[in-house]
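Shown below: my_file-v9.cif, with mmCIF, C-alpha atoms.
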data_model
loop_
_atom_site.group_PDB
_atom_site.id
_atom_site.type_symbol
_atom_site.label_atom_id
_atom_site.label_comp_id
_atom_site.auth_asym_id
_atom_site.auth_seq_id
_atom_site.Cartn_x
_atom_site.Cartn_y
_atom_site.Cartn_z
ATOM 1 C CA MET A 1 -3.871 -7.079 7.725
ATOM 2 C CA VAL A 2 -4.582 -4.650 4.945
ATOM 3 C CA PRO A 3 -4.700 -6.509 1.594
ATOM 4 C CA GLY A 4 -2.341 -5.428 -1.165
ATOM 5 C CA PRO A 5 -3.219 -4.748 -4.773
ATOM 6 C CA GLU A 6 -4.056 -7.780 -6.867
ATOM 7 C CA SER A 7 -1.576 -8.989 -9.492
ATOM 8 C CA PRO A 8 -2.676 -9.103 -13.149
ATOM 9 C CA PRO A 9 -4.264 -12.502 -13.954
ATOM 10 C CA ASN A 10 -1.663 -13.387 -16.598
ATOM 11 C CA GLU A 11 1.311 -12.606 -14.348
ATOM 12 C CA ASP A 12 3.334 -15.369 -12.717
ATOM 13 C CA ARG A 13 2.314 -15.195 -9.061
ATOM 14 C CA GLY A 14 5.347 -17.132 -7.867
ATOM 15 C CA MET A 15 7.766 -14.647 -9.441
ATOM 16 C CA ASN A 16 5.954 -11.631 -8.002
ATOM 17 C CA ASN A 17 5.195 -12.731 -4.442
ATOM 18 C CA SER A 18 8.420 -11.365 -2.997
ATOM 19 C CA HIS A 19 8.014 -8.076 -4.886
ATOM 20 C CA ASP A 20 4.405 -7.687 -3.711
ATOM 21 C CA ASP A 21 5.382 -8.541 -0.125
ATOM 22 C CA LEU A 22 8.046 -5.839 -0.177
ATOM 23 C CA ARG A 23 5.590 -3.272 -1.549
ATOM 24 C CA GLN A 24 3.177 -4.126 1.258
ATOM 25 C CA GLU A 25 5.960 -3.856 3.860
ATOM 26 C CA ILE A 26 6.804 -0.416 2.493
ATOM 27 C CA ALA A 27 3.169 0.686 2.630
ATOM 28 C CA LEU A 28 2.839 -0.569 6.217
ATOM 29 C CA PHE A 29 6.038 1.212 7.178
ATOM 30 C CA ARG A 30 4.789 4.469 5.654
ATOM 31 C CA TYR A 31 1.483 4.140 7.482
ATOM 32 C CA GLY A 32 3.335 3.494 10.735
ATOM 33 C CA VAL A 33 5.219 6.762 10.309
ATOM 34 C CA ILE A 34 2.154 8.885 9.521
ATOM 35 C CA ALA A 35 -0.557 7.128 11.550
ATOM 36 C CA ASP A 36 -0.749 9.856 14.193
ATOM 37 C CA LEU A 37 -0.696 12.597 11.548
ATOM 38 C CA VAL A 38 -3.453 11.494 9.194
ATOM 39 C CA HIS A 39 -6.138 11.945 11.859
ATOM 40 C CA LEU A 40 -5.130 15.528 12.613
ATOM 41 C CA PRO A 41 -7.061 18.320 10.891
ATOM 42 C CA VAL A 42 -5.288 19.915 7.943
ATOM 43 C CA GLY A 43 -3.047 22.690 9.255
ATOM 44 C CA ALA A 44 -3.426 21.557 12.866
ATOM 45 C CA PRO A 45 -1.046 23.324 15.298
ATOM 46 C CA GLY A 46 2.025 21.247 16.025
ATOM 47 C CA ALA A 47 1.736 19.039 12.917
ATOM 48 C CA GLY A 48 4.820 20.584 11.333
ATOM 49 C CA ALA A 49 6.861 20.145 14.519
ATOM 50 C CA LEU A 50 5.750 16.523 14.747
ATOM 51 C CA MET A 51 6.853 15.881 11.162
ATOM 52 C CA ARG A 52 10.237 17.448 11.837
ATOM 53 C CA ALA A 53 10.638 15.320 14.958
ATOM 54 C CA LYS A 54 9.879 12.199 12.941
ATOM 55 C CA ALA A 55 12.441 13.272 10.340
ATOM 56 C CA GLU A 56 15.105 13.293 13.075
ATOM 57 C CA ARG A 57 14.517 9.656 14.004
ATOM 58 C CA ASN A 58 16.324 6.600 12.658
ATOM 59 C CA TYR A 59 14.218 3.865 11.059
ATOM 60 C CA VAL A 60 14.694 0.407 9.607
ATOM 61 C CA ILE A 61 13.173 1.068 6.177
ATOM 62 C CA PRO A 62 12.039 -1.956 4.121
ATOM 63 C CA GLY A 63 13.960 -2.342 0.861
ATOM 64 C CA SER A 64 16.315 0.546 1.594
ATOM 65 C CA GLU A 65 19.647 1.227 3.274
ATOM 66 C CA ARG A 66 18.431 4.661 4.347
ATOM 67 C CA THR A 67 17.637 5.276 8.008
ATOM 68 C CA ARG A 68 16.001 8.730 7.801
ATOM 69 C CA VAL A 69 12.835 10.057 6.162
ATOM 70 C CA ALA A 70 12.664 13.742 5.197
ATOM 71 C CA ALA A 71 9.853 15.877 6.590
ATOM 72 C CA ASN A 72 8.687 16.720 3.049
ATOM 73 C CA THR A 73 8.486 13.005 2.262
ATOM 74 C CA ILE A 74 6.364 12.411 5.370
ATOM 75 C CA ARG A 75 4.103 15.294 4.342
ATOM 76 C CA GLY A 76 3.743 13.704 0.893
ATOM 77 C CA TRP A 77 2.721 10.367 2.424
ATOM 78 C CA VAL A 78 0.073 12.111 4.527
ATOM 79 C CA ASN A 79 -1.353 13.771 1.411
ATOM 80 C CA LEU A 80 -1.335 10.462 -0.468
ATOM 81 C CA TYR A 81 -3.218 8.744 2.356
ATOM 82 C CA ARG A 82 -5.816 11.494 2.581
ATOM 83 C CA ARG A 83 -6.457 11.310 -1.163
ATOM 84 C CA GLY A 84 -6.382 7.562 -1.708
ATOM 85 C CA GLY A 85 -6.318 5.757 1.634
ATOM 86 C CA PHE A 86 -3.897 2.970 2.529
ATOM 87 C CA ASP A 87 -3.515 1.701 -1.060
ATOM 88 C CA ALA A 88 -2.038 5.063 -2.070
ATOM 89 C CA LEU A 89 0.959 4.329 0.180
ATOM 90 C CA TYR A 90 2.092 1.423 -1.989
ATOM 91 C CA PRO A 91 5.175 2.383 -4.044
ATOM 92 C CA ARG A 92 4.522 2.642 -7.746
ATOM 93 C CA ALA A 93 5.546 -0.383 -9.756
ATOM 94 C CA ARG A 94 8.618 0.372 -11.843
ATOM 95 C CA THR A 95 8.032 0.425 -15.595
ATOM 96 C CA ASP A 96 11.635 -0.674 -16.158
ATOM 97 C CA ARG A 97 11.368 -3.657 -13.845
ATOM 98 C CA GLY A 98 13.654 -6.458 -14.923
ATOM 99 C CA GLN A 99 15.947 -4.088 -16.817
ATOM 100 C CA PRO A 100 19.238 -2.957 -15.248
ATOM 101 C CA ARG A 101 19.505 0.738 -14.482
ATOM 102 C CA ARG A 102 22.673 2.224 -15.942
ATOM 103 C CA LEU A 103 24.931 5.050 -14.914
ATOM 104 C CA ALA A 104 26.489 7.417 -17.414
ATOM 105 C CA PRO A 105 30.047 6.195 -18.179
ATOM 106 C CA GLU A 106 31.667 9.359 -16.875
ATOM 107 C CA VAL A 107 29.636 9.185 -13.663
ATOM 108 C CA ALA A 108 30.492 5.505 -13.152
ATOM 109 C CA GLU A 109 34.175 6.280 -13.741
ATOM 110 C CA ARG A 110 34.126 9.044 -11.140
ATOM 111 C CA LEU A 111 32.360 6.867 -8.564
ATOM 112 C CA VAL A 112 34.964 4.143 -9.031
ATOM 113 C CA ALA A 113 37.742 6.725 -8.636
ATOM 114 C CA LEU A 114 36.190 8.078 -5.442
ATOM 115 C CA LYS A 115 35.869 4.614 -3.934
ATOM 116 C CA THR A 116 39.405 3.667 -4.990
ATOM 117 C CA GLY A 117 40.787 6.765 -3.302
ATOM 118 C CA ASN A 118 38.610 6.286 -0.215
ATOM 119 C CA PRO A 119 38.392 2.507 0.334
ATOM 120 C CA ARG A 120 36.988 2.835 3.847
ATOM 121 C CA CYS A 121 34.017 4.966 2.801
ATOM 122 C CA SER A 122 30.542 3.477 2.572
ATOM 123 C CA VAL A 123 28.353 3.640 -0.518
ATOM 124 C CA ARG A 124 26.416 6.535 0.980
ATOM 125 C CA ALA A 125 29.593 8.443 1.720
ATOM 126 C CA ILE A 126 30.735 7.974 -1.891
ATOM 127 C CA ILE A 127 27.363 9.272 -3.107
ATOM 128 C CA ARG A 128 27.681 12.331 -0.856
ATOM 129 C CA MET A 129 31.161 13.018 -2.282
ATOM 130 C CA ALA A 130 29.763 12.784 -5.809
ATOM 131 C CA ARG A 131 26.957 15.186 -4.912
ATOM 132 C CA ASP A 132 29.481 17.611 -3.424
ATOM 133 C CA GLU A 133 31.323 17.562 -6.750
ATOM 134 C CA GLY A 134 28.143 18.577 -8.574
ATOM 135 C CA ILE A 135 27.053 15.199 -9.970
ATOM 136 C CA GLU A 136 23.260 15.397 -10.172
ATOM 137 C CA ASP A 137 22.508 12.075 -11.892
ATOM 138 C CA PRO A 138 20.186 9.704 -9.981
ATOM 139 C CA LEU A 139 22.462 7.679 -7.704
ATOM 140 C CA ALA A 140 20.486 4.887 -6.064
ATOM 141 C CA PRO A 141 22.600 3.193 -3.359
ATOM 142 C CA SER A 142 21.791 -0.252 -4.784
ATOM 143 C CA THR A 143 22.961 0.813 -8.272
ATOM 144 C CA VAL A 144 26.181 2.312 -6.947
ATOM 145 C CA HIS A 145 26.778 -0.753 -4.778
ATOM 146 C CA ARG A 146 26.462 -3.058 -7.810
ATOM 147 C CA LEU A 147 28.905 -0.902 -9.782
ATOM 148 C CA LEU A 148 31.534 -0.900 -7.032
ATOM 149 C CA SER A 149 31.030 -4.608 -6.387
ATOM 150 C CA ARG A 150 31.651 -5.412 -10.072
ATOM 151 C CA GLU A 151 34.911 -3.474 -9.801
ATOM 152 C CA GLY A 152 35.940 -5.553 -6.795
ATOM 153 C CA LEU A 153 36.242 -2.533 -4.556
ATOM 154 C CA PHE A 154 34.494 -4.122 -1.595
ATOM 155 C CA ASP A 155 37.098 -6.871 -1.447
ATOM 156 C CA ARG A 156 39.763 -4.412 -0.373
ATOM 157 C CA LYS A 157 40.042 -4.301 3.407
ATOM 158 C CA PRO A 158 41.884 -1.704 5.498
ATOM 159 C CA PRO A 159 45.497 -2.646 6.322
ATOM 160 C CA ASP A 160 44.562 -4.180 9.673
ATOM 161 C CA GLY A 161 41.737 -6.199 8.111
ATOM 162 C CA ALA A 162 39.060 -4.429 10.138
ATOM 163 C CA ASP A 163 35.739 -3.348 8.705
ATOM 164 C CA ARG A 164 35.233 0.320 9.585
ATOM 165 C CA ARG A 165 31.574 0.617 8.623
ATOM 166 C CA ARG A 166 29.269 1.769 11.377
ATOM 167 C CA PHE A 167 26.549 -0.666 12.434
ATOM 168 C CA ALA A 168 27.804 -3.393 10.096
ATOM 169 C CA PHE A 169 28.261 -6.450 12.305
ATOM 170 C CA ARG A 170 29.212 -9.744 10.734
ATOM 171 C CA ASP A 171 27.637 -12.377 12.993
ATOM 172 C CA ALA A 172 24.138 -12.914 14.313
ATOM 173 C CA GLY A 173 23.652 -11.729 17.866
ATOM 174 C CA GLU A 174 26.436 -9.125 17.821
ATOM 175 C CA LEU A 175 23.963 -6.245 17.737
ATOM 176 C CA TRP A 176 20.214 -5.981 18.042
ATOM 177 C CA MET A 177 18.415 -2.749 17.282
ATOM 178 C CA SER A 178 15.004 -1.798 18.580
ATOM 179 C CA ASP A 179 12.536 0.772 17.376
ATOM 180 C CA VAL A 180 8.919 1.741 17.882
ATOM 181 C CA MET A 181 6.442 2.536 15.127
ATOM 182 C CA HIS A 182 3.027 4.097 15.578
ATOM 183 C CA GLY A 183 0.250 1.636 14.799
ATOM 184 C CA PRO A 184 -3.464 2.031 14.091
ATOM 185 C CA LYS A 185 -5.986 3.045 16.738
ATOM 186 C CA VAL A 186 -8.024 0.239 18.314
ATOM 187 C CA ARG A 187 -11.048 0.218 20.560
ATOM 188 C CA HIS A 188 -10.119 -0.085 24.248
ATOM 189 C CA GLY A 189 -13.216 -0.045 26.397
ATOM 190 C CA ARG A 190 -15.249 2.993 25.362
ATOM 191 C CA VAL A 191 -12.404 4.854 23.720
ATOM 192 C CA ARG A 192 -10.055 4.344 20.796
ATOM 193 C CA ARG A 193 -6.385 4.259 21.689
ATOM 194 C CA LYS A 194 -3.268 4.396 19.592
ATOM 195 C CA THR A 195 -1.101 1.267 19.393
ATOM 196 C CA TYR A 196 2.675 0.968 19.096
ATOM 197 C CA LEU A 197 4.648 -1.692 17.253
ATOM 198 C CA ILE A 198 7.772 -2.568 19.261
ATOM 199 C CA ALA A 199 10.291 -4.570 17.249
ATOM 200 C CA PHE A 200 13.830 -5.939 17.448
ATOM 201 C CA ILE A 201 16.027 -6.663 14.428
ATOM 202 C CA ASP A 202 19.395 -8.390 14.234
ATOM 203 C CA ASP A 203 21.868 -6.108 12.455
ATOM 204 C CA ALA A 204 23.868 -8.839 10.684
ATOM 205 C CA THR A 205 21.070 -11.145 9.500
ATOM 206 C CA ARG A 206 18.095 -8.720 9.460
ATOM 207 C CA VAL A 207 16.113 -11.397 11.325
ATOM 208 C CA VAL A 208 13.366 -10.061 13.601
ATOM 209 C CA PRO A 209 13.741 -11.918 16.936
ATOM 210 C CA PHE A 210 10.354 -10.654 18.075
ATOM 211 C CA ALA A 211 7.858 -7.863 17.483
ATOM 212 C CA ALA A 212 4.512 -7.083 19.063
ATOM 213 C CA PHE A 213 1.919 -4.333 19.355
ATOM 214 C CA ALA A 214 1.441 -2.583 22.700
ATOM 215 C CA MET A 215 -0.799 0.135 24.078
ATOM 216 C CA SER A 216 2.149 2.333 25.099
ATOM 217 C CA GLU A 217 5.848 2.807 24.333
ATOM 218 C CA ASN A 218 7.202 2.841 27.865
ATOM 219 C CA THR A 219 9.506 0.406 29.677
ATOM 220 C CA SER A 220 6.700 -1.823 30.941
ATOM 221 C CA ALA A 221 5.550 -2.377 27.351
ATOM 222 C CA PHE A 222 9.099 -2.796 26.038
ATOM 223 C CA LEU A 223 10.355 -5.461 28.475
ATOM 224 C CA PRO A 224 7.841 -8.259 27.623
ATOM 225 C CA VAL A 225 8.727 -7.891 23.935
ATOM 226 C CA PHE A 226 12.430 -8.004 24.770
ATOM 227 C CA ARG A 227 11.890 -11.065 26.977
ATOM 228 C CA ASN A 228 10.192 -12.951 24.126
ATOM 229 C CA ALA A 229 13.026 -11.990 21.777
ATOM 230 C CA LEU A 230 15.560 -13.391 24.275
ATOM 231 C CA ILE A 231 13.603 -16.640 24.628
ATOM 232 C CA ARG A 232 13.596 -17.128 20.851
ATOM 233 C CA ARG A 233 17.089 -15.950 19.919
ATOM 234 C CA GLY A 234 19.213 -15.788 23.067
ATOM 235 C CA LEU A 235 21.116 -12.866 24.568
ATOM 236 C CA PRO A 236 22.690 -10.355 22.129
ATOM 237 C CA ALA A 237 26.129 -8.906 22.780
ATOM 238 C CA ARG A 238 24.855 -5.350 22.232
ATOM 239 C CA LEU A 239 21.483 -3.682 22.186
ATOM 240 C CA TYR A 240 20.771 -0.346 20.503
ATOM 241 C CA VAL A 241 17.702 1.436 21.863
ATOM 242 C CA GLU A 242 16.869 5.102 21.341
ATOM 243 C CA TYR A 243 15.833 7.414 24.166
ATOM 244 C CA VAL A 244 16.159 4.869 26.987
ATOM 245 C CA ALA A 245 18.133 5.385 30.189
ATOM 246 C CA ARG A 246 21.128 3.064 30.436
ATOM 247 C CA HIS A 247 20.611 1.895 34.033
ATOM 248 C CA ILE A 248 17.198 0.341 33.315
ATOM 249 C CA PHE A 249 18.621 -2.310 31.001
ATOM 250 C CA ASP A 250 22.086 -2.606 32.527
ATOM 251 C CA ASP A 251 20.476 -3.600 35.827
ATOM 252 C CA MET A 252 17.790 -5.886 34.425
ATOM 253 C CA CYS A 253 19.397 -7.469 31.355
ATOM 254 C CA ARG A 254 23.179 -7.090 31.767
ATOM 255 C CA VAL A 255 23.378 -6.074 28.123
ATOM 256 C CA ARG A 256 25.722 -3.366 26.901
ATOM 257 C CA LEU A 257 23.324 -0.628 25.867
ATOM 258 C CA CYS A 258 24.297 1.658 22.969
ATOM 259 C CA ALA A 259 21.702 4.357 23.541
ATOM 260 C CA GLY A 260 21.498 7.343 21.231
ATOM 261 C CA SER A 261 20.001 9.524 24.024
ATOM 262 C CA PRO A 262 20.412 10.340 26.808
ATOM 263 C CA ALA A 263 23.136 7.767 27.572
ATOM 264 C CA THR A 264 26.037 7.060 25.239
ATOM 265 C CA PRO A 265 28.616 4.266 25.811
#

As structure tokens, the full file:
Amino acid sequence: MVPGPESPPNEDRGMNNSHDDLRQEIALFRYGVIADLVHLPVGAPGAGALMRAKAERNYVIPGSERTRVAANTIRGWVNLYRRGGFDALYPRARTDRGQPRRLAPEVAERLVALKTGNPRCSVRAIIRMARDEGIEDPLAPSTVHRLLSREGLFDRKPPDGADRRRFAFRDAGELWMSDVMHGPKVRHGRVRRKTYLIAFIDDATRVVPFAAFAMSENTSAFLPVFRNALIRRGLPARLYVEYVARHIFDDMCRVRLCAGSPATP
């Protein structure tokens, strides 16, 4: 494992462990996204297309509710890595850490009004509405969520009591999601081969039933990881896997497969 930056000697290690762990998770995630790009020559043919393809994928991003990474952001991570190595991928420590970030009163008032008028909309949808109205203030999802929570707006359910948010399951085991990240290259015989991190995550609890590195990202590499996840956590009601044919898992696992492509339930 790549070591993270050391904490200052006079800083309480117990209070900062979780923060440092998150920063390392973020750096590892960023490396996983760019691992196959950093070894390409600058300006290599196809690099731009590869970045755009990565920007179209959904990810489970540590410390964030976002699921996409912009191509320009990926390009920035590549440049950071080339200048400063793995340590450059660590997010910068906030100078205002420990101090609440505040929204301008008029912006907060408008966000509350938008949520009140659209109770079924998610935080991200409310932020998009505010952007469409020309609000350019920084609107971090966590900050907006805290504001709307203080106003009690998340306690208001639709008339039938159902939660309309997409991919927001309440109980463990209702939905597992799987994704593959590119890992570092390792020596395999006389050559160096790329590795792939195959992982499952429970949507409701964010628990990782199982994750493992493999030498490929095909079905034969996927199934042993899935089997170990089942042994540890049991059978999920739904499984979301991108770019996997439905019949493979319907036949072998009897799990309802919510595949983004090519099969859709």

Two-atom distance - CA of Ser216 in chain A, CA of Leu37 in chain A (Å)
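Separation between CA of Ser216 in chain A and CA of Leu37 in chain A: 17.2 Å.
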
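Across the structure, CA of Glu133 in chain A and CA of Arg102 in chain A are spaced 19.9 Å apart.
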
Resolved residues for the PyMOL selection byres ((chain A and resi 172) around 7) as a PDB file with C-alpha atoms, in the coordinates of the input:
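Full text of out_2.pdb as output:
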ATOM      1  CA  ARG A 170      29.212  -9.744  10.734  1.00  0.00           C
ATOM      2  CA  ASP A 171      27.637 -12.377  12.993  1.00  0.00           C
ATOM      3  CA  GLY A 173      23.652 -11.729  17.866  1.00  0.00           C
ATOM      4  CA  GLU A 174      26.436  -9.125  17.821  1.00  0.00           C
ATOM      5  CA  ASP A 202      19.395  -8.390  14.234  1.00  0.00           C
ATOM      6  CA  ALA A 204      23.868  -8.839  10.684  1.00  0.00           C
ATOM      7  CA  THR A 205      21.070 -11.145   9.500  1.00  0.00           C
TER       8      THR A 205
END

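With distances restricted to all atoms listed in the file, A:Ala140 is the closest residue to Arg124 in chain A from A:Val225, A:Ala140, A:Ala71, A:Ile198.
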
Ranking A:Tyr90, A:Ile127, A:Asp21, A:Arg30 by minimum distance to Thr73 in chain A and counting all atoms listed in the file, which one comes first?
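Selected residue with least distance to Thr73 in chain A: A:Arg30.
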
Counting all atoms listed in the file, the option among A:Arg146, A:Pro184, A:Arg83, A:Gly117 closest to Leu103 in chain A
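Nearest to Leu103 in chain A: A:Arg146.
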